[in-house]
file data37.tsv (TSV, C-alpha atoms and all ligand atoms)
chain	number	residue	atom	x	y	z
A	160	ALA	CA	54.26	48.39	26.44
A	161	ALA	CA	52.91	44.92	25.63
A	162	SER	CA	49.13	44.61	25.64
A	163	ASP	CA	47.34	42.84	28.48
A	164	PRO	CA	47.14	39.19	27.21
A	165	ASP	CA	43.70	38.76	28.75
A	166	LEU	CA	42.35	41.73	26.77
A	167	VAL	CA	44.02	40.51	23.59
A	168	GLU	CA	42.33	37.14	24.03
A	169	ARG	CA	38.94	38.77	24.71
A	170	ALA	CA	39.25	40.96	21.60
A	171	ARG	CA	40.17	37.92	19.52
A	172	ALA	CA	37.27	35.88	20.86
A	173	ALA	CA	34.71	38.66	20.39
A	174	LYS	CA	35.91	39.39	16.87
A	175	ALA	CA	35.75	35.69	15.99
A	176	ALA	CA	32.25	35.41	17.45
A	177	LEU	CA	31.07	38.32	15.30
A	178	GLY	CA	32.69	36.97	12.13
A	179	ASP	CA	31.54	38.77	8.96
A	180	ARG	CA	29.05	40.85	10.93
A	181	VAL	CA	31.83	43.27	11.91
A	182	PHE	CA	34.34	45.21	9.80
A	183	ILE	CA	37.12	47.00	11.69
A	184	LEU	CA	38.86	49.99	10.11
A	185	GLY	CA	42.04	51.46	11.61
A	186	HIS	CA	43.70	54.79	10.80
A	187	HIS	CA	47.51	54.78	10.67
A	188	TYR	CA	47.67	56.93	13.83
A	189	GLN	CA	46.01	54.27	15.96
A	190	ARG	CA	47.86	52.38	18.68
A	191	ASP	CA	49.54	49.07	17.76
A	192	GLU	CA	47.20	47.22	20.13
A	193	VAL	CA	44.24	48.45	18.04
A	194	ILE	CA	45.84	48.15	14.59
A	195	GLU	CA	46.40	44.47	15.36
A	196	PHE	CA	42.64	43.89	15.11
A	197	ALA	CA	41.92	46.09	12.08
A	198	ASP	CA	40.68	44.37	8.92
A	199	VAL	CA	41.86	47.35	6.91
A	200	THR	CA	44.33	50.11	7.78
A	201	GLY	CA	44.80	53.30	5.83
A	202	ASP	CA	45.03	57.05	5.58
A	203	SER	CA	41.81	59.00	5.68
A	204	PHE	CA	41.30	58.73	1.90
A	205	LYS	CA	41.80	54.98	1.79
A	206	LEU	CA	39.51	54.46	4.76
A	207	ALA	CA	36.78	56.62	3.18
A	208	ARG	CA	37.05	54.52	0.03
A	209	ASP	CA	37.20	51.21	1.89
A	210	ALA	CA	34.38	51.95	4.33
A	211	ALA	CA	31.83	50.69	1.81
A	212	ALA	CA	33.91	47.62	0.90
A	213	ARG	CA	31.96	45.18	3.08
A	214	PRO	CA	28.26	45.87	2.59
A	215	GLU	CA	27.45	42.54	4.27
A	216	ALA	CA	28.92	43.70	7.59
A	217	GLU	CA	26.24	45.04	9.94
A	218	PHE	CA	28.76	46.92	12.05
A	219	ILE	CA	31.67	49.09	10.98
A	220	VAL	CA	33.91	49.70	13.97
A	221	PHE	CA	35.89	52.81	13.11
A	222	CYS	CA	39.17	53.06	14.98
A	223	GLY	CA	39.98	56.65	14.19
A	224	VAL	CA	38.35	59.97	15.01
A	225	HIS	CA	34.79	61.31	14.86
A	226	PHE	CA	34.91	63.00	11.43
A	227	MET	CA	36.14	59.73	9.88
A	228	ALA	CA	33.28	57.77	11.41
A	229	GLU	CA	30.81	60.40	10.16
A	230	SER	CA	32.25	60.12	6.67
A	231	ALA	CA	31.97	56.34	6.82
A	232	ASP	CA	28.31	56.68	7.83
A	233	ILE	CA	27.68	59.04	4.91
A	234	LEU	CA	29.35	56.69	2.44
A	235	THR	CA	27.69	53.47	3.58
A	236	GLY	CA	24.15	52.19	3.34
A	237	SER	CA	21.55	52.65	6.07
A	238	ALA	CA	21.70	48.94	6.93
A	239	GLN	CA	25.23	49.38	8.27
A	240	GLN	CA	25.95	50.99	11.62
A	241	VAL	CA	29.18	52.90	12.17
A	242	ILE	CA	30.62	52.72	15.66
A	243	LEU	CA	33.30	54.90	17.24
A	244	PRO	CA	34.76	53.00	20.22
A	245	ASP	CA	35.20	56.22	22.25
A	246	LEU	CA	32.88	59.15	21.55
A	247	ALA	CA	35.51	61.53	22.92
A	248	ALA	CA	37.80	60.76	19.97
A	249	GLY	CA	37.32	64.07	18.17
A	250	CYS	CA	39.79	66.24	16.28
A	251	SER	CA	40.84	69.68	17.46
A	252	MET	CA	41.34	70.82	13.87
A	253	ALA	CA	37.84	69.78	12.82
A	254	ASP	CA	36.49	71.70	15.83
A	255	MET	CA	38.12	74.89	14.54
A	256	ALA	CA	35.42	75.35	11.88
A	257	THR	CA	31.80	75.35	13.05
A	258	ALA	CA	28.78	75.50	10.75
A	259	GLU	CA	27.85	78.97	12.07
A	260	GLN	CA	31.33	80.37	11.50
A	261	VAL	CA	31.50	78.99	7.97
A	262	ALA	CA	28.03	80.34	7.11
A	263	GLU	CA	29.16	83.73	8.38
A	264	CYS	CA	32.29	83.51	6.26
A	265	TRP	CA	30.18	82.79	3.18
A	266	ASP	CA	28.15	85.94	3.97
A	267	VAL	CA	31.42	87.90	4.12
A	268	LEU	CA	32.44	86.53	0.70
A	269	THR	CA	28.97	87.32	-0.65
A	270	ASP	CA	29.20	90.91	0.61
A	271	ALA	CA	32.62	91.22	-1.02
A	272	GLY	CA	31.02	90.09	-4.30
A	273	ILE	CA	33.22	87.00	-4.63
A	274	ALA	CA	31.03	84.12	-3.40
A	275	ASP	CA	29.88	83.41	-6.97
A	276	VAL	CA	33.42	82.76	-8.16
A	277	THR	CA	34.62	80.92	-5.03
A	278	VAL	CA	34.67	77.13	-4.74
A	279	PRO	CA	34.88	75.60	-1.26
A	280	VAL	CA	37.41	72.80	-0.81
A	281	SER	CA	37.20	71.17	2.61
A	282	TYR	CA	39.71	68.86	4.13
A	283	MET	CA	38.33	65.52	5.22
A	284	ASN	CA	39.22	66.62	8.76
A	285	SER	CA	35.98	68.56	9.21
A	286	SER	CA	32.52	67.88	10.59
A	287	ALA	CA	29.68	66.53	8.44
A	288	ASP	CA	28.11	70.01	8.64
A	289	ILE	CA	31.13	71.56	6.96
A	290	LYS	CA	31.12	68.84	4.33
A	291	ALA	CA	27.43	69.57	3.70
A	292	PHE	CA	28.18	73.29	3.34
A	293	THR	CA	30.86	72.34	0.83
A	294	GLY	CA	28.53	70.12	-1.18
A	295	LYS	CA	25.76	72.73	-1.14
A	296	HIS	CA	28.08	75.34	-2.64
A	297	GLY	CA	29.44	73.12	-5.39
A	298	GLY	CA	32.72	72.24	-3.71
A	299	THR	CA	34.66	69.09	-2.98
A	300	ILE	CA	36.30	67.34	-0.06
A	301	CYS	CA	39.99	66.52	-0.21
A	302	THR	CA	42.47	64.58	1.87
A	303	SER	CA	46.19	65.03	2.22
A	304	SER	CA	46.69	62.52	-0.59
A	305	ASN	CA	44.57	64.27	-3.24
A	306	ALA	CA	44.61	67.96	-2.26
A	307	GLN	CA	46.41	68.98	-5.45
A	308	ARG	CA	43.87	67.26	-7.69
A	309	ALA	CA	41.06	68.78	-5.64
A	310	LEU	CA	42.48	72.28	-6.10
A	311	GLU	CA	43.05	71.72	-9.82
A	312	TRP	CA	39.43	70.66	-10.13
A	313	ALA	CA	38.25	73.64	-8.08
A	314	TYR	CA	40.13	76.16	-10.25
A	315	GLU	CA	38.41	74.67	-13.29
A	316	GLN	CA	35.07	75.51	-11.64
A	317	GLY	CA	35.84	79.00	-10.33
A	318	GLU	CA	38.45	81.69	-9.80
A	319	LYS	CA	39.00	81.38	-6.07
A	320	VAL	CA	39.06	78.67	-3.44
A	321	LEU	CA	37.87	78.81	0.15
A	322	PHE	CA	39.99	76.13	1.85
A	323	LEU	CA	38.69	74.70	5.14
A	324	PRO	CA	39.79	74.14	7.87
A	325	ASP	CA	43.55	73.41	7.65
A	326	GLN	CA	45.47	76.51	6.63
A	327	HIS	CA	48.69	74.51	6.32
A	328	LEU	CA	47.46	71.83	3.92
A	329	GLY	CA	45.79	74.61	1.91
A	330	ARG	CA	48.87	76.83	1.80
A	331	ASN	CA	51.30	73.98	1.18
A	332	THR	CA	49.25	72.61	-1.69
A	333	ALA	CA	48.62	76.03	-3.23
A	334	VAL	CA	52.25	77.12	-3.09
A	335	ARG	CA	54.12	73.83	-3.58
A	336	ASP	CA	51.85	72.08	-6.06
A	337	MET	CA	49.80	74.80	-7.75
A	338	GLY	CA	52.47	77.44	-8.26
A	339	LEU	CA	50.58	80.13	-6.34
A	340	SER	CA	52.59	82.62	-4.29
A	341	LEU	CA	52.22	83.29	-0.58
A	342	ASP	CA	50.71	86.65	-1.58
A	343	ASP	CA	47.90	84.81	-3.37
A	344	CYS	CA	46.85	83.34	0.01
A	345	VAL	CA	44.92	85.17	2.73
A	346	LEU	CA	44.11	83.86	6.17
A	347	TYR	CA	40.48	84.10	7.30
A	348	ASN	CA	40.18	84.37	11.08
A	349	PRO	CA	36.67	83.28	12.15
A	350	HIS	CA	37.07	85.12	15.46
A	351	LYS	CA	37.45	88.54	13.82
A	352	PRO	CA	34.88	90.67	12.02
A	353	ASN	CA	35.16	90.14	8.26
A	354	GLY	CA	37.67	87.38	9.03
A	355	GLY	CA	40.21	90.09	9.89
A	356	LEU	CA	40.47	90.94	6.16
A	357	THR	CA	39.64	93.94	4.02
A	358	THR	CA	37.33	93.57	1.04
A	359	GLU	CA	40.28	94.37	-1.19
A	360	GLN	CA	42.37	91.58	0.33
A	361	LEU	CA	39.51	89.14	-0.23
A	362	ARG	CA	39.05	90.26	-3.83
A	363	ASN	CA	42.75	89.98	-4.61
A	364	ALA	CA	43.22	86.56	-3.04
A	365	LYS	CA	43.32	83.36	-5.09
A	366	ILE	CA	42.88	81.17	-2.04
A	367	ILE	CA	41.19	82.03	1.23
A	368	LEU	CA	42.61	79.83	3.96
A	369	TRP	CA	40.61	79.12	7.09
A	370	ARG	CA	42.59	79.74	10.26
A	371	GLY	CA	42.68	76.13	11.50
A	372	HIS	CA	45.58	73.80	12.11
A	373	CYS	CA	46.54	70.44	13.60
A	374	SER	CA	48.03	70.81	17.05
A	375	VAL	CA	50.07	67.62	16.63
A	376	HIS	CA	51.76	68.61	13.35
A	377	GLY	CA	51.94	72.25	14.44
A	378	ARG	CA	54.62	71.28	16.93
A	379	PHE	CA	57.25	70.53	14.30
A	380	SER	CA	59.47	73.52	13.59
A	381	VAL	CA	62.33	74.47	11.28
A	382	ASP	CA	64.52	74.03	14.37
A	383	SER	CA	63.41	70.36	14.57
A	384	VAL	CA	64.52	69.96	10.94
A	385	ASN	CA	67.88	71.71	11.42
A	386	ASP	CA	68.49	69.83	14.63
A	387	VAL	CA	67.90	66.39	13.09
A	388	ARG	CA	70.04	67.24	10.04
A	389	ALA	CA	72.90	68.14	12.40
A	390	ARG	CA	72.43	64.98	14.47
A	391	ILE	CA	72.02	62.55	11.57
A	392	PRO	CA	74.07	63.51	8.50
A	393	GLY	CA	72.42	62.40	5.26
A	394	VAL	CA	68.98	62.08	6.86
A	395	ASN	CA	65.88	62.37	4.63
A	396	VAL	CA	63.27	64.58	6.24
A	397	LEU	CA	59.77	63.41	5.34
A	398	VAL	CA	56.79	65.33	6.71
A	399	HIS	CA	53.00	65.41	6.53
A	400	PRO	CA	51.45	68.40	4.70
A	401	GLU	CA	49.62	69.42	7.90
A	402	CYS	CA	53.00	70.81	9.01
A	403	LYS	CA	53.66	74.55	8.73
A	404	HIS	CA	54.77	75.88	5.36
A	405	GLU	CA	58.30	76.68	6.54
A	406	VAL	CA	58.71	73.11	7.85
A	407	VAL	CA	57.46	71.63	4.59
A	408	SER	CA	59.83	73.93	2.69
A	409	ALA	CA	62.76	72.76	4.83
A	410	ALA	CA	61.87	69.06	4.37
A	411	ASP	CA	62.98	66.75	1.56
A	412	MET	CA	59.66	65.03	0.98
A	413	VAL	CA	56.01	65.70	1.85
A	414	GLY	CA	53.01	63.40	1.84
A	415	SER	CA	50.05	61.77	3.50
A	416	THR	CA	50.43	58.91	5.96
A	417	GLU	CA	49.94	56.37	3.16
A	418	TYR	CA	52.63	58.16	1.10
A	419	ILE	CA	55.01	58.11	4.07
A	420	ILE	CA	54.51	54.35	4.50
A	421	LYS	CA	55.14	53.69	0.80
A	422	ALA	CA	58.24	55.92	0.79
A	423	LEU	CA	59.74	53.88	3.63
A	424	ASP	CA	58.86	50.61	1.88
A	425	ALA	CA	60.71	51.82	-1.22
A	426	ALA	CA	63.72	53.19	0.68
A	427	GLU	CA	67.21	51.67	0.40
A	428	PRO	CA	68.51	49.60	3.33
A	429	GLY	CA	70.84	51.77	5.40
A	430	SER	CA	69.01	54.99	4.50
A	431	LYS	CA	68.11	57.44	7.28
A	432	TRP	CA	64.72	59.01	7.83
A	433	ALA	CA	63.28	61.65	10.14
A	434	ILE	CA	59.49	61.58	9.99
A	435	GLY	CA	57.25	64.50	10.88
A	436	THR	CA	53.90	62.96	11.67
A	437	GLU	CA	52.07	61.32	14.56
A	438	LEU	CA	54.21	59.16	16.83
A	439	ASN	CA	52.29	55.84	16.78
A	440	LEU	CA	52.90	55.65	13.04
A	441	VAL	CA	56.55	56.68	13.27
A	442	ARG	CA	57.26	54.07	15.96
A	443	ARG	CA	55.53	51.38	13.89
A	444	LEU	CA	57.62	52.36	10.85
A	445	ALA	CA	60.83	52.23	12.89
A	446	LYS	CA	59.91	48.71	14.02
A	447	ALA	CA	58.94	47.60	10.51
A	448	HIS	CA	62.24	48.82	9.00
A	449	PRO	CA	65.08	47.58	11.22
A	450	ASP	CA	67.43	47.86	8.22
A	451	LYS	CA	66.89	51.65	8.07
A	452	GLU	CA	67.30	54.37	10.64
A	453	VAL	CA	63.86	55.85	11.30
A	454	VAL	CA	63.46	58.60	13.89
A	455	PHE	CA	60.74	60.98	14.99
A	456	LEU	CA	61.36	64.50	13.69
A	457	ASP	CA	61.05	66.19	17.06
A	458	ARG	CA	62.76	65.46	20.35
A	459	ALA	CA	59.48	65.80	22.26
A	460	VAL	CA	56.90	63.01	22.21
A	461	CYS	CA	53.79	63.88	20.24
A	462	PHE	CA	50.85	61.56	19.93
A	463	CYS	CA	47.44	62.66	18.71
A	464	SER	CA	45.65	62.50	22.06
A	465	THR	CA	42.23	61.93	20.53
A	466	MET	CA	43.40	59.15	18.20
A	467	ASN	CA	44.97	57.58	21.27
A	468	ARG	CA	41.65	57.50	23.09
A	469	ILE	CA	40.77	54.40	21.13
A	470	ASP	CA	42.68	51.75	23.03
A	471	LEU	CA	42.36	48.01	23.52
A	472	PRO	CA	39.94	48.29	26.50
A	473	HIS	CA	37.57	50.46	24.39
A	474	LEU	CA	37.83	48.06	21.46
A	475	VAL	CA	37.12	45.04	23.69
A	476	TRP	CA	34.15	46.83	25.26
A	477	THR	CA	32.79	47.68	21.81
A	478	LEU	CA	33.17	44.18	20.38
A	479	GLU	CA	31.84	42.42	23.49
A	480	SER	CA	28.84	44.77	23.53
A	481	LEU	CA	28.06	43.78	19.94
A	482	VAL	CA	28.35	40.09	20.83
A	483	GLU	CA	25.89	40.66	23.66
A	484	GLY	CA	23.44	42.40	21.31
A	485	ARG	CA	24.04	46.01	22.38
A	486	VAL	CA	25.22	48.51	19.75
A	487	PRO	CA	27.16	51.30	21.47
A	488	ASN	CA	28.42	54.69	20.20
A	489	VAL	CA	26.65	54.69	16.86
A	490	ILE	CA	27.59	57.68	14.69
A	491	THR	CA	24.75	58.94	12.52
A	492	VAL	CA	24.48	61.93	10.24
A	493	ASP	CA	20.97	63.31	9.61
A	494	ALA	CA	19.50	62.81	6.12
A	495	GLU	CA	19.67	66.45	4.98
A	496	THR	CA	23.31	66.89	6.04
A	497	GLU	CA	24.14	63.50	4.58
A	498	LYS	CA	22.71	64.39	1.16
A	499	TYR	CA	24.96	67.43	0.66
A	500	ALA	CA	28.00	66.00	2.45
A	501	LYS	CA	27.77	62.93	0.25
A	502	ALA	CA	27.72	65.11	-2.87
A	503	ALA	CA	31.02	66.68	-1.75
A	504	LEU	CA	32.56	63.33	-0.81
A	505	ASP	CA	31.43	61.71	-4.07
A	506	ARG	CA	33.06	64.56	-5.95
A	507	MET	CA	36.32	63.77	-4.18
A	508	LEU	CA	36.02	60.05	-4.91
A	509	ALA	CA	35.45	60.89	-8.59
A	510	LEU	CA	38.55	63.10	-8.89
A	511	PRO	CA	40.88	61.77	-11.59
B	1	LIG	P1	45.98	61.32	6.42
B	1	LIG	O1	45.42	60.09	6.99
B	1	LIG	O2	45.18	61.78	5.24
B	1	LIG	O3	47.43	61.26	6.12
B	1	LIG	O4	45.74	62.51	7.48
B	1	LIG	C1	46.33	62.58	8.70
B	1	LIG	C2	45.43	63.05	9.77
B	1	LIG	O5	45.68	63.98	10.46
B	1	LIG	C3	44.22	62.34	10.00
B	1	LIG	O6	43.67	62.88	11.09
B	2	LIG	FE1	43.07	65.94	14.11
B	2	LIG	FE2	45.71	66.38	14.02
B	2	LIG	FE3	44.77	64.32	15.41
B	2	LIG	FE4	44.68	64.29	12.73
B	2	LIG	S1	46.50	64.29	14.01
B	2	LIG	S2	43.03	63.70	14.14
B	2	LIG	S3	44.28	66.48	12.32
B	2	LIG	S4	44.37	66.52	15.83

call {"tool": "encode", "arguments": {"input": "data37.tsv", "output": "structure tokens", "more": "lines below"}}
Ligand code: 13P
Ligand code: SF4
result
Amino acid sequence: AASDPDLVERARAAKAALGDRVFILGHHYQRDEVIEFADVTGDSFKLARDAAARPEAEFIVFCGVHFMAESADILTGSAQQVILPDLAAGCSMADMATAEQVAECWDVLTDAGIADVTVPVSYMNSSADIKAFTGKHGGTICTSSNAQRALEWAYEQGEKVLFLPDQHLGRNTAVRDMGLSLDDCVLYNPHKPNGGLTTEQLRNAKIILWRGHCSVHGRFSVDSVNDVRARIPGVNVLVHPECKHEVVSAADMVGSTEYIIKALDAAEPGSKWAIGTELNLVRRLAKAHPDKEVVFLDRAVCFCSTMNRIDLPHLVWTLESLVEGRVPNVITVDAETEKYAKAALDRMLALP
């Protein structure tokens, strides 16, 4: 639906009034009405890198989810304030790994005698606490666009990897890109004693996958792939690595949101694409490529409900508050957590 013209005008006016004092970042899963006002759009890696690009801006308005705003706070100076337009914009995957559960897991690995040779690799989609745990234990953060390089780095440091919190990105990267077998992977369930694993299983594993997943990407199935191939002969199936392993195996191409956008830019006119990622992005791609057939991989509608919480009314409220001298919804990470989380994030940013 078209945005309310009054709100569009208010957003424009408030942004103009703030000028260089505000820097607006927008993740690719954001609504069109929000993306329109973003100074920079990107996947989570690009946004982490770009967050520090405007040190002169007092306010960084992060149109994305909580863990992204935390990361931006960690990676920017203390003079800059990071604002999340709706504090309820969390991520169900990030919530699947708490600091207590991960500390308990590390105790389990220690008891099994493997903590010394295990390197934690945590997906960007995790809380600052989990990133700090990762940094403290010599690990790195990764995103969906550099997970392979992160795992290659990790296996140079140790024998095993503890991959948090997305089992699918971990498994897909290990098996597709690193040549590990499914038998080299074990699934650690934080709700079961010992993660639901025997000491022998832990000792034999090359990668210990945390039992977390994205509920949005978890909805795509092999049936969705077969169905679209039957409906659209010659279709290229392109999915995000947060999809289940069997979906990724059935697809033609796999990559982060930034990769998906570039693949469509490079595609031949007349080519056909079924995209398995969040719907705001797929709809925007379909609109941007009228010369190609671009469809959503599933028949059901699937937005990321927390990404969608940031809408034009929340953006207008945020910008107008700043104009009036109030700074709402500031995301801050405490100094101790920040120190270790930054070490893990810096390691990611330094990956070749
Ligand atoms: P990317 O932006 O790295 O593609 O990740 C997608 C995602 O789920 C972000 O929440
Ligand atoms: Fe989290 Fe999935 Fe939404 Fe990304 S798409 S923010 S992983 S729930």

call {"tool": "residues_around", "arguments": {"input": "data37.tsv", "residues": "Arg468 of chain A", "least_positions_apart": "5", "cutoff": "9 Å", "atoms": "all atoms listed in the file", "output": "number ranges by chain"}}
result
A: 189, 244-245, 247-248, 463, 473

call {"tool": "closest_residue", "arguments": {"input": "data37.tsv", "among": "A:Ala333, A:Cys373, A:Ile233, A:Val453", "to": "ligand LIG 1 (chain B)", "atoms": "only C-alpha atoms and all ligand atoms"}}
result
A:Cys373

call {"tool": "residues_around", "arguments": {"input": "data37.tsv", "residues": "Val406 of chain A", "least_positions_apart": "3", "cutoff": "7 Å", "atoms": "all atoms listed in the file", "output": "PyMOL selection string"}}
result
chain A and resi 380-381+402-403+409-410

call {"tool": "residues_near_ligand", "arguments": {"input": "data37.tsv", "ligand": "ligand LIG 2 (chain B)", "cutoff": "6 Å", "atoms": "only C-alpha atoms and all ligand atoms", "output": "number ranges by chain"}}
result
A: 250-252, 373-375, 463

call {"tool": "residues_around", "arguments": {"input": "data37.tsv", "residues": "Ala509 of chain A", "least_positions_apart": "6", "cutoff": "12 Å", "atoms": "all atoms listed in the file", "output": "list in words"}}
result
Arg208, Thr299, Ile300, Cys301, Asn305, Arg308, Ala309, Trp312, Lys501, Ala502 and Ala503 of chain A

call {"tool": "write_last_selection", "arguments": {"input": "data37.tsv", "atoms": "C-alpha atoms", "output": "PDB file, keeping the file's coordinate frame"}}
result
ATOM      1  CA  ARG A 208      37.050  54.520   0.030  1.00  0.00           C
ATOM      2  CA  THR A 299      34.660  69.090  -2.980  1.00  0.00           C
ATOM      3  CA  ILE A 300      36.300  67.340  -0.060  1.00  0.00           C
ATOM      4  CA  CYS A 301      39.990  66.520  -0.210  1.00  0.00           C
ATOM      5  CA  ASN A 305      44.570  64.270  -3.240  1.00  0.00           C
ATOM      6  CA  ARG A 308      43.870  67.260  -7.690  1.00  0.00           C
ATOM      7  CA  ALA A 309      41.060  68.780  -5.640  1.00  0.00           C
ATOM      8  CA  TRP A 312      39.430  70.660 -10.130  1.00  0.00           C
ATOM      9  CA  LYS A 501      27.770  62.930   0.250  1.00  0.00           C
ATOM     10  CA  ALA A 502      27.720  65.110  -2.870  1.00  0.00           C
ATOM     11  CA  ALA A 503      31.020  66.680  -1.750  1.00  0.00           C
TER      12      ALA A 503
END

call {"tool": "residues_around", "arguments": {"input": "data37.tsv", "residues": "segment 338-343 of chain A", "least_positions_apart": "2", "cutoff": "8 Å", "atoms": "only C-alpha atoms", "output": "ChimeraX atom specification"}}
result
/A:330,333-336,345,363-366

call {"tool": "closest_residue", "arguments": {"input": "data37.tsv", "among": "A:Glu311, A:Ile242, A:Arg169, A:Ile367", "to": "Ala274 of chain A", "atoms": "all atoms listed in the file"}}
result
A:Ile367

call {"tool": "residues_around", "arguments": {"input": "data37.tsv", "residues": "Asp450 of chain A", "least_positions_apart": "2", "cutoff": "6 Å", "atoms": "all atoms listed in the file", "output": "number ranges by chain"}}
result
A: 428-429, 448

call {"tool": "atom_distance", "arguments": {"input": "data37.tsv", "atom1": "atom CA of Asp288 of chain A", "atom2": "atom CA of Asp493 of chain A"}}
result
9.8 Å

call {"tool": "decode", "arguments": {"input": "data37.tsv", "residues": "segment 307-371 of chain A", "atoms": "C-alpha atoms", "output": "PDB file, in the first residue's frame"}}
result
ATOM      1  CA  GLN A 307      32.982 -19.736   5.047  1.00  0.00           C
ATOM      2  CA  ARG A 308      35.949 -17.453   5.668  1.00  0.00           C
ATOM      3  CA  ALA A 309      35.075 -17.360   9.367  1.00  0.00           C
ATOM      4  CA  LEU A 310      35.066 -21.166   9.562  1.00  0.00           C
ATOM      5  CA  GLU A 311      38.320 -21.422   7.607  1.00  0.00           C
ATOM      6  CA  TRP A 312      39.882 -19.002  10.065  1.00  0.00           C
ATOM      7  CA  ALA A 313      38.452 -20.907  13.035  1.00  0.00           C
ATOM      8  CA  TYR A 314      39.858 -24.256  11.853  1.00  0.00           C
ATOM      9  CA  GLU A 315      43.286 -22.630  11.636  1.00  0.00           C
ATOM     10  CA  GLN A 316      42.955 -21.769  15.338  1.00  0.00           C
ATOM     11  CA  GLY A 317      41.525 -25.037  16.655  1.00  0.00           C
ATOM     12  CA  GLU A 318      40.144 -28.459  15.833  1.00  0.00           C
ATOM     13  CA  LYS A 319      36.468 -27.881  16.471  1.00  0.00           C
ATOM     14  CA  VAL A 320      33.935 -25.104  16.101  1.00  0.00           C
ATOM     15  CA  LEU A 321      31.007 -24.230  18.341  1.00  0.00           C
ATOM     16  CA  PHE A 322      28.608 -22.466  15.961  1.00  0.00           C
ATOM     17  CA  LEU A 323      25.982 -20.174  17.508  1.00  0.00           C
ATOM     18  CA  PRO A 324      23.025 -19.742  17.241  1.00  0.00           C
ATOM     19  CA  ASP A 325      21.867 -20.683  13.713  1.00  0.00           C
ATOM     20  CA  GLN A 326      22.195 -24.413  13.125  1.00  0.00           C
ATOM     21  CA  HIS A 327      21.285 -23.994   9.458  1.00  0.00           C
ATOM     22  CA  LEU A 328      23.918 -21.416   8.519  1.00  0.00           C
ATOM     23  CA  GLY A 329      26.446 -23.499  10.465  1.00  0.00           C
ATOM     24  CA  ARG A 330      25.485 -26.790   8.823  1.00  0.00           C
ATOM     25  CA  ASN A 331      25.135 -25.327   5.338  1.00  0.00           C
ATOM     26  CA  THR A 332      28.527 -23.651   5.502  1.00  0.00           C
ATOM     27  CA  ALA A 333      30.256 -26.679   7.028  1.00  0.00           C
ATOM     28  CA  VAL A 334      28.840 -29.146   4.515  1.00  0.00           C
ATOM     29  CA  ARG A 335      28.561 -27.036   1.349  1.00  0.00           C
ATOM     30  CA  ASP A 336      31.653 -24.877   1.658  1.00  0.00           C
ATOM     31  CA  MET A 337      34.023 -26.697   4.007  1.00  0.00           C
ATOM     32  CA  GLY A 338      33.590 -30.258   2.768  1.00  0.00           C
ATOM     33  CA  LEU A 339      32.529 -31.620   6.155  1.00  0.00           C
ATOM     34  CA  SER A 340      29.943 -34.397   6.250  1.00  0.00           C
ATOM     35  CA  LEU A 341      26.627 -34.321   8.076  1.00  0.00           C
ATOM     36  CA  ASP A 342      28.169 -36.851  10.485  1.00  0.00           C
ATOM     37  CA  ASP A 343      30.811 -34.289  11.433  1.00  0.00           C
ATOM     38  CA  CYS A 344      28.009 -32.052  12.784  1.00  0.00           C
ATOM     39  CA  VAL A 345      26.196 -32.514  16.101  1.00  0.00           C
ATOM     40  CA  LEU A 346      23.254 -30.509  17.338  1.00  0.00           C
ATOM     41  CA  TYR A 347      23.506 -29.061  20.849  1.00  0.00           C
ATOM     42  CA  ASN A 348      20.090 -28.643  22.465  1.00  0.00           C
ATOM     43  CA  PRO A 349      20.328 -26.054  25.274  1.00  0.00           C
ATOM     44  CA  HIS A 350      17.136 -27.403  26.838  1.00  0.00           C
ATOM     45  CA  LYS A 351      18.595 -30.869  27.481  1.00  0.00           C
ATOM     46  CA  PRO A 352      21.241 -31.967  29.972  1.00  0.00           C
ATOM     47  CA  ASN A 353      24.641 -32.137  28.264  1.00  0.00           C
ATOM     48  CA  GLY A 354      22.971 -30.594  25.207  1.00  0.00           C
ATOM     49  CA  GLY A 355      21.310 -33.962  24.557  1.00  0.00           C
ATOM     50  CA  LEU A 356      24.707 -35.357  23.480  1.00  0.00           C
ATOM     51  CA  THR A 357      27.060 -38.015  24.787  1.00  0.00           C
ATOM     52  CA  THR A 358      30.669 -37.142  25.568  1.00  0.00           C
ATOM     53  CA  GLU A 359      31.706 -39.403  22.715  1.00  0.00           C
ATOM     54  CA  GLN A 360      29.478 -37.547  20.247  1.00  0.00           C
ATOM     55  CA  LEU A 361      30.983 -34.245  21.375  1.00  0.00           C
ATOM     56  CA  ARG A 362      34.525 -35.569  21.064  1.00  0.00           C
ATOM     57  CA  ASN A 363      33.922 -36.972  17.592  1.00  0.00           C
ATOM     58  CA  ALA A 364      32.217 -33.870  16.216  1.00  0.00           C
ATOM     59  CA  LYS A 365      34.033 -31.324  14.052  1.00  0.00           C
ATOM     60  CA  ILE A 366      31.306 -28.743  14.473  1.00  0.00           C
ATOM     61  CA  ILE A 367      28.872 -28.352  17.340  1.00  0.00           C
ATOM     62  CA  LEU A 368      25.773 -26.583  16.094  1.00  0.00           C
ATOM     63  CA  TRP A 369      23.560 -24.665  18.484  1.00  0.00           C
ATOM     64  CA  ARG A 370      19.905 -25.604  18.150  1.00  0.00           C
ATOM     65  CA  GLY A 371      18.647 -22.223  16.901  1.00  0.00           C
TER      66      GLY A 371
END
